[in-house]
Amino acid sequence: VSANIVTRRRADRADRRSRRTMFALTTQYSALATTARGTATKRTTTRTRVVRAAGLDFSELEQEAAAPTRAVRKDGLSSKEAKQSKRFRAAQKSVPPRLETQGASAAIELMKSSATAKFDESAEVHIRLNIDPKYNDQQLRATVALPKGTGKNVRVAVLCAGDNIAAAKAAGADFAGDDDLVDEIAGGMMDFDLLVATPDMMPKVAKLGRQLGPKGLMPNPKAGTVTTDVTTTVNEFKGGKVEFRADKQGIVHVPFGKLSFSAADLKENLLSVVGAIDANRPVGAKGVYWRSMYIASSMGPSVQVDVPQARDEVAALSA
């Protein structure tokens, strides 16, 4: 019994010492917090510490400290602006803010006037859609025939057999063949921008996955590059037919001409892209389909296009 009493007394003394220690720590923390509040010039996020000892919880009082001073460039530019060229910053000042929408005609005129590069820049449209391509029923991949062409010389290779080889070459294909062309591609010959194949050649094309896959040149029925009508397909792609697809973020990027085109021709191509995206809407897309649409030159600032107005113009043309 006496041993139990001694043990309890020792435990009580240890508990009292712990309480006195924690009281002293709390007093010290309170003084530090008061000093910090008096000297701080900026407020930061409050941090709370919980000190656990002898079975008791003590919350540290709020401590406020001055935020670190952010370095300022001598020229007054932000970190983003410092990475941009003087030419681009000057061009960006000549267009409205990004969130201000413009009609298709006005946006094209602004894009053409803000292009200051020393070469014939491409006109590009970037469309953000309300889809999630990780789901199969929300993937978008199709083609559109630009009425005024792309302004580029597209090199087309055709994998076919028999009479189709002569027909492909007559239509303007840069390369046409069967086993011999397969062997050349397997050996590293990639002097073409588009590869078209007939269905009977697809088993042989499958062997070229390592060469064609990383460059995005594998023929695909959705892209219109697997066909039985070789002549028509070659003429379409040579005449301005382009493939588009949504990336992982649900954004479609399509070149729709050169800035050397007239504004009317660029608008006609742009409206063709808008109509093609509406016509190929994925079955899994729910609610609002279009989020935003921007056009830009290769080296110039972007201009936001009024989507409802552009879609209305497409509907009026197709009516």
# chains A, B, ... in the order shown; residues from 1 in each chain; ligands from 1
call {"tool": "select_by_dssp", "arguments": {"residues": "stretch 216-278 of chain A", "states": "helix (DSSP H, G or I)", "output": "ChimeraX atom specification"}}
result
/A:221-223,230-239,263-278
call {"tool": "residues_around", "arguments": {"residues": "A:Arg245", "least_positions_apart": "5", "cutoff": "6 Å", "atoms": "only C-alpha atoms", "output": "ChimeraX atom specification"}}
result
/A:140-141,252
call {"tool": "select_by_dssp", "arguments": {"residues": "stretch 51-267 of chain A", "states": "strand (DSSP E or B)", "output": "mmCIF file with N, CA, C and O atoms, in the first residue's frame"}}
result
data_model
loop_
_atom_site.group_PDB
_atom_site.id
_atom_site.type_symbol
_atom_site.label_atom_id
_atom_site.label_comp_id
_atom_site.auth_asym_id
_atom_site.auth_seq_id
_atom_site.Cartn_x
_atom_site.Cartn_y
_atom_site.Cartn_z
ATOM 1 N N VAL A 51 0.676 22.052 -28.804
ATOM 2 C CA VAL A 51 1.731 21.460 -28.009
ATOM 3 C C VAL A 51 1.096 20.426 -27.092
ATOM 4 O O VAL A 51 0.180 20.730 -26.323
ATOM 5 N N ARG A 52 1.540 19.214 -27.210
ATOM 6 C CA ARG A 52 0.968 18.124 -26.445
ATOM 7 C C ARG A 52 2.011 17.628 -25.439
ATOM 8 O O ARG A 52 3.086 17.222 -25.817
ATOM 9 N N ALA A 53 1.663 17.664 -24.177
ATOM 10 C CA ALA A 53 2.558 17.159 -23.134
ATOM 11 C C ALA A 53 1.734 16.842 -21.897
ATOM 12 O O ALA A 53 0.809 17.577 -21.545
ATOM 13 N N LEU A 56 -2.092 17.082 -21.962
ATOM 14 C CA LEU A 56 -2.796 18.346 -22.087
ATOM 15 C C LEU A 56 -2.510 18.954 -23.445
ATOM 16 O O LEU A 56 -1.423 18.784 -24.008
ATOM 17 N N ASP A 57 -3.476 19.707 -24.034
ATOM 18 C CA ASP A 57 -3.331 20.377 -25.316
ATOM 19 C C ASP A 57 -3.282 21.881 -25.099
ATOM 20 O O ASP A 57 -4.130 22.455 -24.406
ATOM 21 N N PHE A 58 -2.286 22.534 -25.684
ATOM 22 C CA PHE A 58 -2.162 23.977 -25.590
ATOM 23 C C PHE A 58 -2.025 24.527 -26.999
ATOM 24 O O PHE A 58 -1.143 24.125 -27.745
ATOM 25 N N SER A 59 -2.883 25.443 -27.374
ATOM 26 C CA SER A 59 -2.844 26.060 -28.711
ATOM 27 C C SER A 59 -2.034 27.336 -28.661
ATOM 28 O O SER A 59 -2.230 28.194 -27.795
ATOM 29 N N GLN A 102 -15.200 39.608 -80.270
ATOM 30 C CA GLN A 102 -15.354 40.361 -81.517
ATOM 31 C C GLN A 102 -16.108 39.494 -82.514
ATOM 32 O O GLN A 102 -16.087 38.264 -82.433
ATOM 33 N N SER A 122 0.702 31.789 -90.566
ATOM 34 C CA SER A 122 -0.525 30.997 -90.663
ATOM 35 C C SER A 122 -1.590 31.583 -89.751
ATOM 36 O O SER A 122 -1.288 32.143 -88.693
ATOM 37 N N ALA A 123 -2.837 31.446 -90.160
ATOM 38 C CA ALA A 123 -3.970 31.832 -89.322
ATOM 39 C C ALA A 123 -4.474 30.589 -88.606
ATOM 40 O O ALA A 123 -4.736 29.570 -89.243
ATOM 41 N N GLU A 124 -4.591 30.673 -87.296
ATOM 42 C CA GLU A 124 -4.964 29.511 -86.489
ATOM 43 C C GLU A 124 -6.193 29.831 -85.653
ATOM 44 O O GLU A 124 -6.347 30.956 -85.172
ATOM 45 N N VAL A 125 -7.038 28.844 -85.468
ATOM 46 C CA VAL A 125 -8.189 28.981 -84.578
ATOM 47 C C VAL A 125 -8.057 27.946 -83.473
ATOM 48 O O VAL A 125 -7.695 26.788 -83.721
ATOM 49 N N HIS A 126 -8.325 28.376 -82.243
ATOM 50 C CA HIS A 126 -8.218 27.521 -81.063
ATOM 51 C C HIS A 126 -9.567 27.556 -80.349
ATOM 52 O O HIS A 126 -9.986 28.618 -79.865
ATOM 53 N N ILE A 127 -10.223 26.396 -80.307
ATOM 54 C CA ILE A 127 -11.599 26.317 -79.811
ATOM 55 C C ILE A 127 -11.628 25.413 -78.584
ATOM 56 O O ILE A 127 -11.209 24.251 -78.648
ATOM 57 N N ARG A 128 -12.134 25.958 -77.486
ATOM 58 C CA ARG A 128 -12.269 25.190 -76.247
ATOM 59 C C ARG A 128 -13.700 24.665 -76.151
ATOM 60 O O ARG A 128 -14.653 25.454 -76.153
ATOM 61 N N LEU A 129 -13.835 23.341 -76.048
ATOM 62 C CA LEU A 129 -15.145 22.702 -76.007
ATOM 63 C C LEU A 129 -15.403 22.108 -74.631
ATOM 64 O O LEU A 129 -14.472 21.792 -73.881
ATOM 65 N N ARG A 141 -12.661 13.779 -83.401
ATOM 66 C CA ARG A 141 -11.652 13.667 -84.445
ATOM 67 C C ARG A 141 -12.372 13.586 -85.780
ATOM 68 O O ARG A 141 -13.186 12.693 -86.001
ATOM 69 N N ALA A 142 -12.088 14.521 -86.662
ATOM 70 C CA ALA A 142 -12.783 14.562 -87.953
ATOM 71 C C ALA A 142 -11.941 15.387 -88.931
ATOM 72 O O ALA A 142 -10.809 15.772 -88.632
ATOM 73 N N THR A 143 -12.514 15.643 -90.091
ATOM 74 C CA THR A 143 -11.844 16.442 -91.121
ATOM 75 C C THR A 143 -12.785 17.542 -91.596
ATOM 76 O O THR A 143 -14.003 17.454 -91.430
ATOM 77 N N VAL A 144 -12.195 18.568 -92.175
ATOM 78 C CA VAL A 144 -12.978 19.657 -92.759
ATOM 79 C C VAL A 144 -12.275 20.095 -94.037
ATOM 80 O O VAL A 144 -11.043 20.214 -94.078
ATOM 81 N N ALA A 145 -13.057 20.331 -95.072
ATOM 82 C CA ALA A 145 -12.529 20.818 -96.347
ATOM 83 C C ALA A 145 -12.606 22.342 -96.350
ATOM 84 O O ALA A 145 -13.699 22.916 -96.340
ATOM 85 N N VAL A 156 1.605 14.138 -100.175
ATOM 86 C CA VAL A 156 0.747 12.988 -99.895
ATOM 87 C C VAL A 156 1.414 11.716 -100.400
ATOM 88 O O VAL A 156 1.886 11.662 -101.549
ATOM 89 N N ALA A 157 1.447 10.693 -99.540
ATOM 90 C CA ALA A 157 1.910 9.362 -99.933
ATOM 91 C C ALA A 157 0.736 8.406 -99.846
ATOM 92 O O ALA A 157 -0.091 8.506 -98.932
ATOM 93 N N VAL A 158 0.640 7.485 -100.795
ATOM 94 C CA VAL A 158 -0.492 6.560 -100.871
ATOM 95 C C VAL A 158 0.027 5.127 -100.893
ATOM 96 O O VAL A 158 0.871 4.775 -101.740
ATOM 97 N N LEU A 159 -0.478 4.322 -99.965
ATOM 98 C CA LEU A 159 -0.176 2.889 -99.946
ATOM 99 C C LEU A 159 -1.361 2.154 -100.564
ATOM 100 O O LEU A 159 -2.459 2.128 -100.000
ATOM 101 N N PHE A 175 3.980 10.240 -103.559
ATOM 102 C CA PHE A 175 4.495 8.865 -103.511
ATOM 103 C C PHE A 175 3.311 7.916 -103.578
ATOM 104 O O PHE A 175 2.254 8.179 -102.994
ATOM 105 N N ALA A 176 3.488 6.801 -104.275
ATOM 106 C CA ALA A 176 2.450 5.780 -104.366
ATOM 107 C C ALA A 176 3.118 4.441 -104.596
ATOM 108 O O ALA A 176 4.065 4.331 -105.381
ATOM 109 N N GLY A 177 2.645 3.414 -103.916
ATOM 110 C CA GLY A 177 3.221 2.088 -104.061
ATOM 111 C C GLY A 177 2.648 1.135 -103.041
ATOM 112 O O GLY A 177 1.776 1.503 -102.246
ATOM 113 N N LEU A 194 1.292 13.470 -95.223
ATOM 114 C CA LEU A 194 0.049 12.720 -95.035
ATOM 115 C C LEU A 194 0.178 11.362 -95.706
ATOM 116 O O LEU A 194 0.704 11.267 -96.815
ATOM 117 N N LEU A 195 -0.301 10.350 -95.021
ATOM 118 C CA LEU A 195 -0.254 8.992 -95.573
ATOM 119 C C LEU A 195 -1.672 8.464 -95.729
ATOM 120 O O LEU A 195 -2.430 8.407 -94.757
ATOM 121 N N VAL A 196 -2.006 8.087 -96.954
ATOM 122 C CA VAL A 196 -3.316 7.510 -97.270
ATOM 123 C C VAL A 196 -3.112 6.039 -97.602
ATOM 124 O O VAL A 196 -2.115 5.672 -98.249
ATOM 125 N N ALA A 197 -4.034 5.197 -97.174
ATOM 126 C CA ALA A 197 -3.918 3.757 -97.427
ATOM 127 C C ALA A 197 -5.282 3.184 -97.775
ATOM 128 O O ALA A 197 -6.324 3.667 -97.310
ATOM 129 N N VAL A 226 -8.092 6.383 -94.665
ATOM 130 C CA VAL A 226 -8.277 4.988 -95.091
ATOM 131 C C VAL A 226 -9.476 4.989 -96.031
ATOM 132 O O VAL A 226 -10.610 5.250 -95.611
ATOM 133 N N LYS A 241 -8.211 19.987 -97.560
ATOM 134 C CA LYS A 241 -8.871 19.232 -96.496
ATOM 135 C C LYS A 241 -7.883 19.012 -95.357
ATOM 136 O O LYS A 241 -6.746 18.598 -95.580
ATOM 137 N N VAL A 242 -8.304 19.330 -94.113
ATOM 138 C CA VAL A 242 -7.425 19.186 -92.958
ATOM 139 C C VAL A 242 -8.114 18.341 -91.896
ATOM 140 O O VAL A 242 -9.343 18.291 -91.803
ATOM 141 N N GLU A 243 -7.304 17.701 -91.101
ATOM 142 C CA GLU A 243 -7.800 16.896 -89.987
ATOM 143 C C GLU A 243 -7.703 17.708 -88.697
ATOM 144 O O GLU A 243 -6.761 18.483 -88.509
ATOM 145 N N PHE A 244 -8.664 17.543 -87.819
ATOM 146 C CA PHE A 244 -8.604 18.188 -86.506
ATOM 147 C C PHE A 244 -9.059 17.195 -85.447
ATOM 148 O O PHE A 244 -9.821 16.268 -85.713
ATOM 149 N N ARG A 245 -8.584 17.402 -84.249
ATOM 150 C CA ARG A 245 -8.951 16.555 -83.126
ATOM 151 C C ARG A 245 -8.799 17.355 -81.841
ATOM 152 O O ARG A 245 -8.018 18.306 -81.766
ATOM 153 N N ALA A 246 -9.558 16.981 -80.818
ATOM 154 C CA ALA A 246 -9.466 17.644 -79.518
ATOM 155 C C ALA A 246 -8.308 17.054 -78.725
ATOM 156 O O ALA A 246 -8.116 15.835 -78.704
ATOM 157 N N ILE A 251 -9.439 21.006 -76.296
ATOM 158 C CA ILE A 251 -9.218 22.177 -77.156
ATOM 159 C C ILE A 251 -8.858 21.696 -78.564
ATOM 160 O O ILE A 251 -8.038 20.795 -78.728
ATOM 161 N N VAL A 252 -9.462 22.305 -79.554
ATOM 162 C CA VAL A 252 -9.220 21.970 -80.956
ATOM 163 C C VAL A 252 -8.375 23.078 -81.580
ATOM 164 O O VAL A 252 -8.701 24.267 -81.460
ATOM 165 N N HIS A 253 -7.282 22.701 -82.224
ATOM 166 C CA HIS A 253 -6.389 23.649 -82.883
ATOM 167 C C HIS A 253 -6.414 23.367 -84.390
ATOM 168 O O HIS A 253 -6.085 22.256 -84.813
ATOM 169 N N VAL A 254 -6.800 24.355 -85.175
ATOM 170 C CA VAL A 254 -6.927 24.154 -86.621
ATOM 171 C C VAL A 254 -6.321 25.346 -87.353
ATOM 172 O O VAL A 254 -6.724 26.489 -87.117
ATOM 173 N N PRO A 255 -5.361 25.125 -88.258
ATOM 174 C CA PRO A 255 -4.921 26.212 -89.150
ATOM 175 C C PRO A 255 -5.940 26.386 -90.269
ATOM 176 O O PRO A 255 -6.357 25.408 -90.896
ATOM 177 N N PHE A 256 -6.341 27.619 -90.539
ATOM 178 C CA PHE A 256 -7.390 27.821 -91.546
ATOM 179 C C PHE A 256 -6.967 28.778 -92.651
ATOM 180 O O PHE A 256 -7.801 29.426 -93.290
ATOM 181 N N GLY A 257 -5.668 28.869 -92.900
ATOM 182 C CA GLY A 257 -5.210 29.676 -94.015
ATOM 183 C C GLY A 257 -3.940 30.426 -93.689
ATOM 184 O O GLY A 257 -3.291 30.193 -92.666
ATOM 185 N N LYS A 258 -3.576 31.339 -94.586
ATOM 186 C CA LYS A 258 -2.415 32.207 -94.431
ATOM 187 C C LYS A 258 -2.884 33.662 -94.352
ATOM 188 O O LYS A 258 -3.958 34.018 -94.864
#
call {"tool": "closest_residue", "arguments": {"among": "A:Thr101, A:Ile165, A:Pro219, A:Ala3", "to": "A:Ala206", "atoms": "only C-alpha atoms"}}
result
A:Pro219
call {"tool": "atom_distance", "arguments": {"atom1": "atom CA of A:Gly216", "atom2": "atom CA of A:Ala166"}}
result
26.0 Å
call {"tool": "closest_residue", "arguments": {"among": "A:Val234, A:Ala115, A:Ala319, A:Leu270", "to": "A:Met299", "atoms": "only C-alpha atoms"}}
result
A:Ala115
call {"tool": "residues_around", "arguments": {"residues": "A:Val307", "least_positions_apart": "5", "cutoff": "8 Å", "atoms": "only C-alpha atoms", "output": "short mmCIF file (atom, residue, chain, number, x, y, z; two decimals) with C-alpha atoms, in the first residue's frame"}}
result
data_model
loop_
_atom_site.label_atom_id
_atom_site.label_comp_id
_atom_site.auth_asym_id
_atom_site.auth_seq_id
_atom_site.Cartn_x
_atom_site.Cartn_y
_atom_site.Cartn_z
CA TRP A 290 -18.82 25.63 -76.95
CA SER A 292 -14.62 29.92 -76.24
CA MET A 293 -12.93 30.51 -79.58
#
call {"tool": "closest_atom_pairs", "arguments": {"of": "stretch 241-307 of chain A", "to": "stretch 86-93 of chain A", "cutoff": "12 Å", "atoms": "only C-alpha atoms", "output": "tab-separated table"}}
result
residue	atom	partner	partner_atom	distance
A:Ala296	CA	A:Gln92	CA	11.1
A:Ser297	CA	A:Ala91	CA	11.2
A:Ser298	CA	A:Phe88	CA	11.3
A:Met299	CA	A:Phe88	CA	7.6
A:Gly300	CA	A:Phe88	CA	6.4
A:Pro301	CA	A:Gln92	CA	5.5
A:Ser302	CA	A:Gln92	CA	8.2
A:Val303	CA	A:Gln92	CA	9.7
call {"tool": "write_last_selection", "arguments": {"atoms": "N, CA, C and O atoms", "output": "short mmCIF file (atom, residue, chain, number, x, y, z; two decimals), in the first residue's frame"}}
result
data_model
loop_
_atom_site.label_atom_id
_atom_site.label_comp_id
_atom_site.auth_asym_id
_atom_site.auth_seq_id
_atom_site.Cartn_x
_atom_site.Cartn_y
_atom_site.Cartn_z
N ALA A 296 -5.60 33.55 -83.99
CA ALA A 296 -4.30 34.22 -83.85
C ALA A 296 -3.44 33.86 -85.04
O ALA A 296 -3.62 32.82 -85.67
N SER A 297 -2.49 34.72 -85.31
CA SER A 297 -1.46 34.39 -86.29
C SER A 297 -0.37 33.58 -85.60
O SER A 297 -0.35 33.46 -84.37
N SER A 298 0.55 33.05 -86.38
CA SER A 298 1.59 32.18 -85.81
C SER A 298 2.41 32.89 -84.74
O SER A 298 2.77 32.28 -83.73
N MET A 299 2.71 34.16 -84.94
CA MET A 299 3.58 34.91 -84.03
C MET A 299 2.88 36.12 -83.41
O MET A 299 3.54 37.00 -82.87
N GLY A 300 1.56 36.15 -83.48
CA GLY A 300 0.84 37.33 -83.01
C GLY A 300 -0.08 37.04 -81.84
O GLY A 300 -0.28 35.89 -81.44
N PRO A 301 -0.67 38.08 -81.26
CA PRO A 301 -1.59 37.91 -80.14
C PRO A 301 -2.93 37.35 -80.59
O PRO A 301 -3.28 37.40 -81.77
N SER A 302 -3.67 36.82 -79.64
CA SER A 302 -4.96 36.20 -79.96
C SER A 302 -6.11 37.19 -79.80
O SER A 302 -6.01 38.16 -79.04
N VAL A 303 -7.19 36.91 -80.50
CA VAL A 303 -8.41 37.71 -80.43
C VAL A 303 -9.57 36.76 -80.22
O VAL A 303 -9.69 35.75 -80.94
#
call {"tool": "closest_residue", "arguments": {"among": "A:Leu317, A:Cys160, A:Leu181, A:Val154", "to": "A:Gly240", "atoms": "only C-alpha atoms"}}
result
A:Val154
call {"tool": "residues_around", "arguments": {"residues": "A:Phe261", "least_positions_apart": "4", "cutoff": "10 Å", "atoms": "only C-alpha atoms", "output": "number ranges by chain"}}
result
A: 112, 120, 122-123, 148-151, 257, 265-267
call {"tool": "atom_distance", "arguments": {"atom1": "atom CA of A:Pro282", "atom2": "atom CA of A:Asp306"}}
result
22.0 Å
call {"tool": "residues_around", "arguments": {"residues": "A:Lys286", "least_positions_apart": "5", "cutoff": "12 Å", "atoms": "only C-alpha atoms", "output": "PyMOL selection string"}}
result
chain A and resi 129-132+137-138+281
call {"tool": "closest_residue", "arguments": {"among": "A:Gly239, A:Ser260, A:Asp193, A:Thr231", "to": "A:Met218", "atoms": "only C-alpha atoms"}}
result
A:Asp193
call {"tool": "atom_distance", "arguments": {"atom1": "atom CA of A:Asn220", "atom2": "atom CA of A:Gly275"}}
result
21.8 Å
